[in-house]
$ cat upload.txt   # compact mmCIF, C-alpha atoms
# COMPACT_ATOMS: atom_id res chain seq x y z
CA MET A 1 0.00 0.00 0.00
CA ASN A 2 1.47 3.38 -0.95
CA VAL A 3 1.22 6.44 1.28
CA THR A 4 -1.60 7.99 -0.76
CA ASP A 5 -3.73 4.87 -0.29
CA GLN A 6 -2.83 4.57 3.38
CA PHE A 7 -4.34 7.98 4.17
CA GLU A 8 -6.93 8.13 1.38
CA ASP A 9 -9.92 8.44 3.72
CA LEU A 10 -8.61 11.53 5.51
CA ARG A 11 -5.97 13.36 3.40
CA PRO A 12 -6.49 16.43 1.16
CA PHE A 13 -6.76 15.93 -2.58
CA VAL A 14 -3.61 15.15 -4.52
CA ALA A 15 -2.90 16.81 -7.86
CA ASP A 16 -4.62 14.32 -10.14
CA GLU A 17 -7.86 14.62 -8.09
CA ILE A 18 -8.11 18.40 -8.34
CA PRO A 19 -9.59 18.74 -11.89
CA ALA A 20 -12.59 16.54 -11.06
CA ALA A 21 -13.09 18.38 -7.75
CA MET A 22 -13.04 21.75 -9.53
CA GLN A 23 -15.62 20.45 -11.99
CA ARG A 24 -17.90 19.39 -9.10
CA ILE A 25 -17.55 22.81 -7.48
CA ALA A 26 -18.17 24.68 -10.73
CA ASP A 27 -21.25 22.56 -11.49
CA SER A 28 -22.80 22.80 -8.02
CA GLU A 29 -26.14 24.53 -7.50
CA ALA A 30 -24.55 26.89 -4.98
CA PHE A 31 -21.75 28.04 -7.27
CA ASP A 32 -23.43 31.17 -8.64
CA ALA A 33 -24.23 32.51 -5.17
CA LEU A 34 -20.74 31.70 -3.88
CA ALA A 35 -19.08 33.31 -6.90
CA ARG A 36 -21.11 36.51 -6.49
CA TYR A 37 -20.19 36.72 -2.80
CA VAL A 38 -16.45 36.13 -3.25
CA PHE A 39 -16.00 37.94 -6.59
CA PRO A 40 -18.80 40.54 -6.70
CA HIS A 41 -17.18 42.49 -9.54
CA ARG A 42 -16.52 39.53 -11.83
CA ASP A 43 -18.81 37.73 -14.24
CA VAL A 44 -19.99 34.40 -12.80
CA GLU A 45 -19.08 32.48 -15.98
CA GLU A 46 -15.60 33.96 -15.90
CA VAL A 47 -15.20 32.74 -12.30
CA ARG A 48 -16.52 29.32 -13.31
CA ARG A 49 -13.90 29.03 -16.06
CA MET A 50 -11.19 30.11 -13.64
CA VAL A 51 -12.19 27.44 -11.11
CA ARG A 52 -12.32 24.72 -13.76
CA ALA A 53 -8.76 25.60 -14.79
CA ILE A 54 -7.29 25.13 -11.30
CA ARG A 55 -4.89 22.17 -11.06
CA THR A 56 -3.35 22.19 -7.54
CA THR A 57 -4.39 22.78 -3.93
CA ASP A 58 -1.98 25.73 -3.75
CA GLU A 59 -3.63 27.28 -6.78
CA PHE A 60 -7.09 26.75 -5.26
CA GLN A 61 -6.01 28.43 -2.05
CA MET A 62 -4.49 31.43 -3.80
CA SER A 63 -7.11 31.83 -6.54
CA VAL A 64 -10.19 31.19 -4.40
CA MET A 65 -9.74 30.84 -0.64
CA TYR A 66 -7.38 33.80 -0.31
CA HIS A 67 -10.10 35.97 -1.84
CA VAL A 68 -12.79 34.36 0.33
CA ASN A 69 -10.81 35.51 3.35
CA LEU A 70 -10.27 38.99 1.93
CA ARG A 71 -14.02 39.29 1.44
CA ILE A 72 -14.69 38.20 5.03
CA ILE A 73 -12.07 40.63 6.33
CA ARG A 74 -13.48 43.56 4.39
CA ARG A 75 -17.07 42.89 5.37
CA SER A 76 -16.78 41.88 9.02
CA ILE A 77 -13.35 42.72 10.51
CA THR A 78 -12.20 46.21 11.50
CA ARG A 79 -8.52 45.30 11.76
CA LEU A 80 -6.61 42.01 11.36
CA THR A 81 -3.14 41.84 12.92
CA VAL A 82 -0.47 39.25 13.68
CA ASP A 83 2.78 39.11 15.62
CA GLY A 84 5.40 36.41 16.08
CA LEU A 85 5.70 35.22 12.48
CA ASP A 86 9.01 37.03 12.08
CA ASP A 87 10.51 34.67 14.67
CA LEU A 88 9.71 31.57 12.58
CA ASP A 89 11.80 30.21 9.72
CA PRO A 90 9.81 30.16 6.43
CA ALA A 91 11.84 27.11 5.37
CA GLU A 92 10.82 25.12 8.46
CA ARG A 93 7.52 23.26 8.90
CA TYR A 94 5.48 23.65 12.06
CA LEU A 95 2.53 22.10 13.87
CA PHE A 96 0.47 25.15 14.76
CA ILE A 97 -1.79 24.29 17.71
CA SER A 98 -4.37 27.00 18.25
CA ASN A 99 -7.13 27.94 20.60
CA HIS A 100 -10.40 27.41 18.76
CA ARG A 101 -13.11 30.07 18.71
CA ASP A 102 -14.64 29.87 15.22
CA ILE A 103 -15.27 26.76 13.12
CA MET A 104 -13.75 28.20 9.95
CA LEU A 105 -12.03 31.53 10.64
CA ASP A 106 -9.34 30.51 13.15
CA SER A 107 -7.55 28.41 10.55
CA SER A 108 -8.68 30.20 7.41
CA LEU A 109 -7.57 33.71 8.34
CA LEU A 110 -4.21 32.35 9.47
CA GLN A 111 -3.57 31.08 5.94
CA ASN A 112 -3.73 34.61 4.53
CA LEU A 113 -1.40 35.89 7.25
CA LEU A 114 1.11 33.11 6.60
CA HIS A 115 1.06 33.71 2.85
CA GLU A 116 1.49 37.46 3.19
CA ALA A 117 4.46 36.93 5.54
CA GLY A 118 6.24 34.65 3.06
CA HIS A 119 5.37 31.30 4.68
CA ARG A 120 3.66 28.36 3.03
CA THR A 121 0.07 27.81 4.00
CA THR A 122 -0.73 24.82 6.18
CA GLU A 123 -2.79 21.71 5.92
CA ILE A 124 -5.86 22.08 8.14
CA THR A 125 -7.72 19.65 10.37
CA PHE A 126 -11.46 19.49 9.72
CA GLY A 127 -14.01 17.53 11.75
CA SER A 128 -15.72 14.61 10.02
CA ASN A 129 -19.04 16.06 11.20
CA LEU A 130 -18.37 19.07 8.94
CA MET A 131 -16.80 17.24 5.99
CA GLN A 132 -20.17 16.09 4.67
CA GLY A 133 -21.83 16.59 1.31
CA GLU A 134 -20.17 16.65 -2.08
CA LEU A 135 -19.62 20.41 -2.24
CA ALA A 136 -18.25 20.82 1.31
CA THR A 137 -15.95 17.83 0.82
CA ALA A 138 -14.65 19.10 -2.52
CA ILE A 139 -13.96 22.60 -1.19
CA GLY A 140 -12.44 21.31 2.04
CA ARG A 141 -10.07 18.74 0.55
CA ALA A 142 -9.04 21.16 -2.22
CA ASN A 143 -8.26 23.66 0.55
CA LYS A 144 -5.64 21.32 2.06
CA MET A 145 -8.02 20.11 4.76
CA PHE A 146 -7.76 16.62 6.21
CA LYS A 147 -10.39 14.80 8.18
CA VAL A 148 -10.38 14.24 11.93
CA VAL A 149 -12.92 11.60 12.95
CA ARG A 150 -15.39 12.88 15.53
CA ASP A 151 -17.42 10.75 17.95
CA SER A 152 -15.91 7.39 17.01
CA ASN A 153 -16.78 4.49 19.29
CA MET A 154 -14.28 3.07 21.76
CA HIS A 155 -13.45 0.20 19.42
CA ASP A 156 -12.41 2.55 16.60
CA PHE A 157 -10.96 5.39 18.69
CA LEU A 158 -7.42 4.02 19.02
CA ALA A 159 -7.21 3.05 15.34
CA ASP A 160 -8.44 6.51 14.30
CA SER A 161 -5.93 8.18 16.65
CA LEU A 162 -3.06 6.07 15.36
CA GLN A 163 -3.89 6.90 11.76
CA LEU A 164 -4.23 10.62 12.51
CA SER A 165 -0.93 10.65 14.40
CA ALA A 166 0.81 8.83 11.55
CA TYR A 167 -0.61 11.26 9.01
CA ILE A 168 0.48 14.32 11.03
CA ARG A 169 4.04 12.98 11.34
CA HIS A 170 4.12 12.02 7.64
CA THR A 171 2.87 15.44 6.58
CA LEU A 172 5.33 17.40 8.68
CA LEU A 173 8.45 15.30 8.25
CA GLU A 174 8.03 13.71 4.81
CA LYS A 175 5.61 15.85 2.80
CA ARG A 176 7.19 18.93 4.41
CA GLU A 177 3.89 20.72 4.95
CA SER A 178 2.89 22.62 8.09
CA ILE A 179 -0.37 21.79 9.88
CA TRP A 180 -3.02 23.74 11.81
CA ILE A 181 -4.87 21.87 14.55
CA ALA A 182 -7.15 23.03 17.37
CA GLN A 183 -6.05 22.51 20.97
CA ARG A 184 -9.23 20.58 21.73
CA ASN A 185 -12.08 18.67 20.13
CA GLY A 186 -14.51 21.44 19.17
CA ARG A 187 -14.58 25.14 19.86
CA THR A 188 -14.01 26.80 23.22
CA LYS A 189 -17.48 28.09 24.05
CA ASP A 190 -16.92 29.55 27.53
CA GLY A 191 -13.80 31.60 26.75
CA ASP A 192 -11.54 29.31 28.82
CA ASP A 193 -8.94 28.01 26.37
CA ARG A 194 -7.46 24.68 27.53
CA THR A 195 -5.42 22.10 25.65
CA ASP A 196 -6.74 18.54 25.64
CA ARG A 197 -3.83 16.42 26.94
CA GLY A 198 -5.15 13.54 24.84
CA ILE A 199 -4.30 15.51 21.70
CA VAL A 200 -0.70 15.89 22.86
CA LYS A 201 -0.53 12.17 23.57
CA MET A 202 -1.99 11.45 20.12
CA PHE A 203 0.87 13.39 18.51
CA ALA A 204 3.35 10.85 19.89
CA LEU A 205 1.46 7.66 19.04
CA SER A 206 3.26 7.23 15.73
CA ASP A 207 6.69 7.23 17.42
CA ARG A 208 6.56 5.59 20.84
CA THR A 209 10.31 5.11 21.20
CA ASN A 210 10.74 8.34 23.18
CA ALA A 211 7.98 10.78 24.13
CA ALA A 212 10.18 13.89 24.23
CA ARG A 213 11.86 13.15 20.91
CA ALA A 214 8.50 12.38 19.29
CA ILE A 215 7.01 15.70 20.39
CA ARG A 216 10.14 17.78 19.70
CA SER A 217 10.32 16.52 16.12
CA LEU A 218 6.89 18.01 15.32
CA HIS A 219 7.98 21.63 16.00
CA ILE A 220 4.80 22.57 17.89
CA VAL A 221 3.98 26.29 17.88
CA PRO A 222 1.09 27.58 20.05
CA VAL A 223 -1.20 30.15 18.41
CA ALA A 224 -3.57 32.51 20.22
CA VAL A 225 -6.39 34.01 18.16
CA SER A 226 -8.42 36.79 19.78
CA TYR A 227 -11.67 38.39 18.59
CA GLN A 228 -12.98 41.70 19.87
CA TRP A 229 -16.51 40.40 19.25
CA GLU A 230 -16.60 36.65 19.83
CA PRO A 231 -17.95 34.80 16.77
CA CYS A 232 -21.29 33.16 17.56
CA ASP A 233 -21.33 34.56 21.12
CA ILE A 234 -25.12 34.36 21.34
CA LEU A 235 -25.22 30.86 19.83
CA LYS A 236 -22.54 29.71 22.28
CA THR A 237 -24.45 31.20 25.20
CA ARG A 238 -27.56 29.30 24.17
CA GLU A 239 -25.68 25.99 23.85
CA LEU A 240 -24.00 26.40 27.24
CA TYR A 241 -27.32 27.34 28.83
CA LEU A 242 -29.08 24.27 27.44
CA SER A 243 -26.22 21.96 28.43
CA ARG A 244 -25.73 23.23 32.00
CA GLY A 245 -25.92 20.74 34.81
CA GLY A 246 -24.42 17.98 32.69
CA ARG A 247 -27.32 17.81 30.27
CA LYS A 248 -26.35 16.53 26.83
CA TYR A 249 -26.68 19.15 24.11
CA VAL A 250 -28.07 17.71 20.88
CA LYS A 251 -27.30 19.69 17.73
CA GLN A 252 -30.11 20.25 15.29
CA PRO A 253 -29.73 19.45 11.56
CA GLY A 254 -27.88 22.27 9.83
CA GLU A 255 -26.67 23.81 13.10
CA ASP A 256 -22.97 23.54 12.21
CA LEU A 257 -23.58 25.27 8.88
CA HIS A 258 -25.54 27.99 10.66
CA SER A 259 -22.60 28.52 13.03
CA ILE A 260 -20.16 28.71 10.12
CA LEU A 261 -22.26 31.31 8.32
CA THR A 262 -22.85 33.30 11.52
CA GLY A 263 -19.13 33.33 12.23
CA ILE A 264 -18.39 34.56 8.73
CA LEU A 265 -21.04 37.28 8.63
CA GLN A 266 -21.10 38.54 12.23
CA PRO A 267 -19.07 41.75 12.77
CA LYS A 268 -15.96 40.81 14.71
CA GLY A 269 -14.25 44.14 15.25
CA CYS A 270 -10.49 43.67 15.68
CA VAL A 271 -8.93 40.21 15.30
CA HIS A 272 -5.39 39.34 16.37
CA PHE A 273 -3.18 36.28 15.92
CA ALA A 274 -0.22 35.82 18.26
CA ILE A 275 2.28 33.20 17.10
CA GLY A 276 4.16 31.69 20.04
CA GLN A 277 7.61 30.16 20.43
CA PRO A 278 8.28 26.61 19.16
CA LEU A 279 8.05 24.20 22.07
CA ASP A 280 11.04 22.16 20.93
CA ARG A 281 13.26 24.98 22.15
CA SER A 282 12.19 24.39 25.75
CA LEU A 283 11.42 20.64 25.93
CA PRO A 284 13.87 18.04 27.30
CA ASP A 285 15.69 15.71 24.92
CA THR A 286 14.51 12.51 26.57
CA VAL A 287 11.75 11.33 28.88
CA GLU A 288 11.52 7.93 30.53
CA ALA A 289 8.48 5.91 29.48
CA ARG A 290 7.13 5.81 33.03
CA HIS A 291 7.08 9.61 33.09
CA ALA A 292 5.44 10.06 29.67
CA ASN A 293 1.99 11.05 30.95
CA ALA A 294 3.48 13.71 33.18
CA PHE A 295 5.44 14.95 30.17
CA TYR A 296 2.24 15.23 28.09
CA ARG A 297 0.68 17.29 30.88
CA THR A 298 3.73 19.55 30.88
CA VAL A 299 3.46 20.07 27.12
CA ALA A 300 -0.27 20.87 27.35
CA ASP A 301 0.39 23.31 30.20
CA GLU A 302 3.11 25.07 28.20
CA ILE A 303 0.75 25.44 25.23
CA ASP A 304 -1.91 26.89 27.54
CA GLN A 305 0.51 29.31 29.17
CA GLN A 306 1.68 30.67 25.83
CA ILE A 307 -1.89 31.05 24.56
CA HIS A 308 -3.03 32.76 27.77
CA ARG A 309 -0.05 35.13 27.91
CA ASN A 310 -0.20 35.99 24.21
CA TYR A 311 -3.99 36.35 23.97
CA ARG A 312 -4.76 39.94 23.01
CA LEU A 313 -7.44 41.33 25.28
CA PHE A 314 -9.84 43.86 23.81
CA ASP A 315 -12.16 46.34 25.48
CA ASN A 316 -15.01 43.82 25.56
CA ASN A 317 -12.94 41.42 27.66
CA PHE A 318 -12.26 44.07 30.30
CA ILE A 319 -15.86 45.30 30.24
CA ALA A 320 -17.13 41.76 30.82
CA HIS A 321 -14.65 41.27 33.67
CA ASP A 322 -15.83 44.44 35.44
CA LEU A 323 -19.52 43.66 34.88
CA ARG A 324 -19.11 40.11 36.18
CA SER A 325 -17.06 41.11 39.21
CA GLY A 326 -19.03 44.28 39.94
CA THR A 327 -15.78 46.26 40.03
CA SER A 328 -14.11 49.03 38.08
CA THR A 329 -10.73 47.32 37.90
CA TYR A 330 -10.17 47.91 34.20
CA THR A 331 -12.11 51.11 33.45
CA ASP A 332 -8.93 52.57 31.97
CA ARG A 333 -9.07 49.87 29.27
CA TYR A 334 -12.41 50.88 27.70
CA THR A 335 -14.63 53.87 27.00
CA PRO A 336 -18.19 54.49 28.22
CA GLU A 337 -19.33 54.13 24.61
CA ALA A 338 -17.71 50.69 24.34
CA ARG A 339 -19.43 49.59 27.55
CA THR A 340 -22.78 50.79 26.24
CA ALA A 341 -22.27 48.81 23.01
CA PHE A 342 -21.34 45.69 24.96
CA GLU A 343 -24.36 45.96 27.24
CA ALA A 344 -26.56 46.40 24.16
CA ARG A 345 -25.16 43.16 22.72
CA MET A 346 -25.89 41.40 26.02
CA GLN A 347 -29.43 42.75 25.96
CA GLN A 348 -29.84 41.44 22.41
CA MET A 349 -28.73 38.03 23.68
CA LEU A 350 -31.39 38.10 26.41
CA GLN A 351 -34.04 38.93 23.84
CA GLU A 352 -33.01 36.06 21.56
CA ILE A 353 -32.70 33.30 24.20
CA ASP A 354 -35.59 32.19 26.38
CA GLY A 355 -34.20 31.46 29.84
CA ASP A 356 -33.15 32.69 33.26
CA PRO A 357 -31.61 36.15 32.66
CA SER A 358 -29.13 35.90 35.54
CA ILE A 359 -27.74 32.57 34.30
CA LEU A 360 -27.64 33.75 30.69
CA LYS A 361 -25.77 36.91 31.70
CA ALA A 362 -23.23 34.89 33.69
CA ILE A 363 -22.58 32.61 30.71
CA PHE A 364 -22.33 35.48 28.23
CA LEU A 365 -19.98 37.48 30.46
CA GLY A 366 -17.81 34.40 31.00
CA ILE A 367 -17.18 34.05 27.28
CA TYR A 368 -15.49 37.45 27.30
CA ALA A 369 -14.19 37.64 30.90
CA ASN A 370 -12.47 34.25 31.24
CA PRO A 371 -9.56 35.24 28.96
CA VAL A 372 -8.80 38.11 31.37
CA GLU A 373 -8.55 35.66 34.27
CA ASN A 374 -6.29 33.34 32.25
CA TRP A 375 -4.12 36.23 31.07
CA ALA A 376 -3.68 37.54 34.61
CA GLN A 377 -2.80 34.07 35.92
CA GLY A 378 -0.43 33.50 33.01
CA ARG A 379 1.46 36.68 33.84
CA ILE A 380 1.85 35.55 37.45
CA ASN A 381 3.12 32.10 36.39
CA HIS A 382 5.57 33.68 33.95
CA ARG A 383 7.33 35.72 36.63
$ encode --input "upload.txt" --output "structure tokens"
Amino acid sequence: MNVTDQFEDLRPFVADEIPAAMQRIADSEAFDALARYVFPHRDVEEVRRMVRAIRTTDEFQMSVMYHVNLRIIRRSITRLTVDGLDDLDPAERYLFISNHRDIMLDSSLLQNLLHEAGHRTTEITFGSNLMQGELATAIGRANKMFKVVRDSNMHDFLADSLQLSAYIRHTLLEKRESIWIAQRNGRTKDGDDRTDRGIVKMFALSDRTNAARAIRSLHIVPVAVSYQWEPCDILKTRELYLSRGGRKYVKQPGEDLHSILTGILQPKGCVHFAIGQPLDRSLPDTVEARHANAFYRTVADEIDQQIHRNYRLFDNNFIAHDLRSGTSTYTDRYTPEARTAFEARMQQMLQEIDGDPSILKAIFLGIYANPVENWAQGRINHR
């Protein structure tokens, strides 16, 4: 079995699969609407011909997805900034592990920033629950996305994890492509960004000879993405409200797509990406097998500390902190007008969700205030 066959059920498209994928995209019922949104000043048939002529994933990213992101930025983002990329070597390949706030934008916007800074774009993890339908699958796999199996049963979980770990190592070390992956399964909905230690352990499954060497070889780089206005803040509040007390939240058909579209269209204000320091610079060379689990915890904690310290706090974060705590600790970080706008958004949330107002307010404020608590704690730990 060759490598392409080994990872066929999860990898992005290879070159000889792109023409057929472009044909499926160009022939889809949704193409005209998508073309008008992304390229409003171009003739739809001209865009269709352009898409049909694409022959590589890189070309699809630059000819289509780059412009998708530009459209999103122009319509819904006041200012997009990044720091830390200058400290990375464009010739090196990295495993970017990021906090996860928006289904699409966290990884997608980063691709534009990488390209504009002279780095190659990354391959991107994409949940199997989202990689459904012919059009979504064609766009995703042409956009260098690879599938991560969600909600597999216990029997299949280890096999799925082993395959994913092997693919990540193969992509970084043999294909020489960087990767974006979220720090946890699913988005952070309460504003408290925490790395799933199981993900760190999964990274090492494909090389069990030495935990430290396995992790160091992947060149892990933590990424903190911060939004002034949290994408889907009202939808997240509703989900957390309905799932409080350990109740299982059941998604409705089309809910993921609704969240994707809301995240794209909702005004986000300022958005910032902070690229951290590669972990291999600070990890030990070797770890005894009996200490491996403690090592994985250490790696997850280091990722968290970098994300918390580097997270850019906006006025809404400080407003939420002061409203939740009933203090004026950070009044120098926001204006009265900004507080009025935030309180209006919270009032809108209360009008859209049927529930206990005090609980809903606590959840909504937590989404914005928890990063302040993590940032403050991260600064203390860094001293």
$ closest_atom_pairs --input "upload.txt" --of "range 152-246 of chain A" --to "range 123-137 of chain A" --cutoff "12 Å" --atoms "only C-alpha atoms" --output "JSON lines"
{"residue": "A:Ser152", "atom": "CA", "partner": "A:Ser128", "partner_atom": "CA", "distance": 10.1}
{"residue": "A:Asp160", "atom": "CA", "partner": "A:Ser128", "partner_atom": "CA", "distance": 11.7}
{"residue": "A:Leu164", "atom": "CA", "partner": "A:Thr125", "partner_atom": "CA", "distance": 9.9}
{"residue": "A:Ser165", "atom": "CA", "partner": "A:Thr125", "partner_atom": "CA", "distance": 12.0}
{"residue": "A:Tyr167", "atom": "CA", "partner": "A:Thr125", "partner_atom": "CA", "distance": 11.1}
{"residue": "A:Ile168", "atom": "CA", "partner": "A:Glu123", "partner_atom": "CA", "distance": 9.6}
{"residue": "A:Thr171", "atom": "CA", "partner": "A:Glu123", "partner_atom": "CA", "distance": 8.5}
{"residue": "A:Leu172", "atom": "CA", "partner": "A:Glu123", "partner_atom": "CA", "distance": 9.6}
{"residue": "A:Lys175", "atom": "CA", "partner": "A:Glu123", "partner_atom": "CA", "distance": 10.7}
{"residue": "A:Arg176", "atom": "CA", "partner": "A:Glu123", "partner_atom": "CA", "distance": 10.5}
{"residue": "A:Glu177", "atom": "CA", "partner": "A:Glu123", "partner_atom": "CA", "distance": 6.8}
{"residue": "A:Ser178", "atom": "CA", "partner": "A:Glu123", "partner_atom": "CA", "distance": 6.1}
{"residue": "A:Ile179", "atom": "CA", "partner": "A:Glu123", "partner_atom": "CA", "distance": 4.6}
{"residue": "A:Trp180", "atom": "CA", "partner": "A:Ile124", "partner_atom": "CA", "distance": 4.9}
{"residue": "A:Ile181", "atom": "CA", "partner": "A:Thr125", "partner_atom": "CA", "distance": 5.5}
{"residue": "A:Ala182", "atom": "CA", "partner": "A:Thr125", "partner_atom": "CA", "distance": 7.8}
{"residue": "A:Gln183", "atom": "CA", "partner": "A:Thr125", "partner_atom": "CA", "distance": 11.1}
{"residue": "A:Arg184", "atom": "CA", "partner": "A:Gly127", "partner_atom": "CA", "distance": 11.5}
{"residue": "A:Asn185", "atom": "CA", "partner": "A:Gly127", "partner_atom": "CA", "distance": 8.7}
{"residue": "A:Gly186", "atom": "CA", "partner": "A:Gly127", "partner_atom": "CA", "distance": 8.4}
{"residue": "A:Arg187", "atom": "CA", "partner": "A:Gly127", "partner_atom": "CA", "distance": 11.1}
$ closest_atom_pairs --input "upload.txt" --of "range 165-229 of chain A" --to "range 339-361 of chain A" --cutoff "12 Å" --atoms "only C-alpha atoms" --output "CSV"
residue,atom,partner,partner_atom,distance
A:Asp190,CA,A:Leu360,CA,11.9
A:Gln228,CA,A:Phe342,CA,10.6
A:Trp229,CA,A:Phe342,CA,9.2
$ closest_residue --input "upload.txt" --among "A:Ala338, A:Ile18, A:Ala300, A:Leu235" --to "Lys189 in chain A" --atoms "only C-alpha atoms"
A:Leu235
$ residues_around --input "upload.txt" --residues "Gly269 in chain A" --least-positions-apart "5" --cutoff "12 Å" --atoms "all atoms listed in the file" --output "list of chain:residue names"
A:Ile72, A:Ile73, A:Arg74, A:Arg75, A:Ser76, A:Ile77, A:Thr78, A:Arg79, A:Leu80, A:Thr81, A:Ser226, A:Tyr227, A:Gln228, A:Trp229, A:Glu230, A:Pro231, A:Phe314, A:Asp315, A:Asn316, A:Ala338
$ write_last_selection --input "upload.txt" --atoms "C-alpha atoms" --output "PDB file, in the frame of the given file"
ATOM      1  CA  ILE A  72     -14.690  38.200   5.030  1.00  0.00           C
ATOM      2  CA  ILE A  73     -12.070  40.630   6.330  1.00  0.00           C
ATOM      3  CA  ARG A  74     -13.480  43.560   4.390  1.00  0.00           C
ATOM      4  CA  ARG A  75     -17.070  42.890   5.370  1.00  0.00           C
ATOM      5  CA  SER A  76     -16.780  41.880   9.020  1.00  0.00           C
ATOM      6  CA  ILE A  77     -13.350  42.720  10.510  1.00  0.00           C
ATOM      7  CA  THR A  78     -12.200  46.210  11.500  1.00  0.00           C
ATOM      8  CA  ARG A  79      -8.520  45.300  11.760  1.00  0.00           C
ATOM      9  CA  LEU A  80      -6.610  42.010  11.360  1.00  0.00           C
ATOM     10  CA  THR A  81      -3.140  41.840  12.920  1.00  0.00           C
ATOM     11  CA  SER A 226      -8.420  36.790  19.780  1.00  0.00           C
ATOM     12  CA  TYR A 227     -11.670  38.390  18.590  1.00  0.00           C
ATOM     13  CA  GLN A 228     -12.980  41.700  19.870  1.00  0.00           C
ATOM     14  CA  TRP A 229     -16.510  40.400  19.250  1.00  0.00           C
ATOM     15  CA  GLU A 230     -16.600  36.650  19.830  1.00  0.00           C
ATOM     16  CA  PRO A 231     -17.950  34.800  16.770  1.00  0.00           C
ATOM     17  CA  PHE A 314      -9.840  43.860  23.810  1.00  0.00           C
ATOM     18  CA  ASP A 315     -12.160  46.340  25.480  1.00  0.00           C
ATOM     19  CA  ASN A 316     -15.010  43.820  25.560  1.00  0.00           C
ATOM     20  CA  ALA A 338     -17.710  50.690  24.340  1.00  0.00           C
TER      21      ALA A 338
END
$ atom_distance --input "upload.txt" --atom1 "CA of Gln111 in chain A" --atom2 "CA of His272 in chain A"
13.4 Å
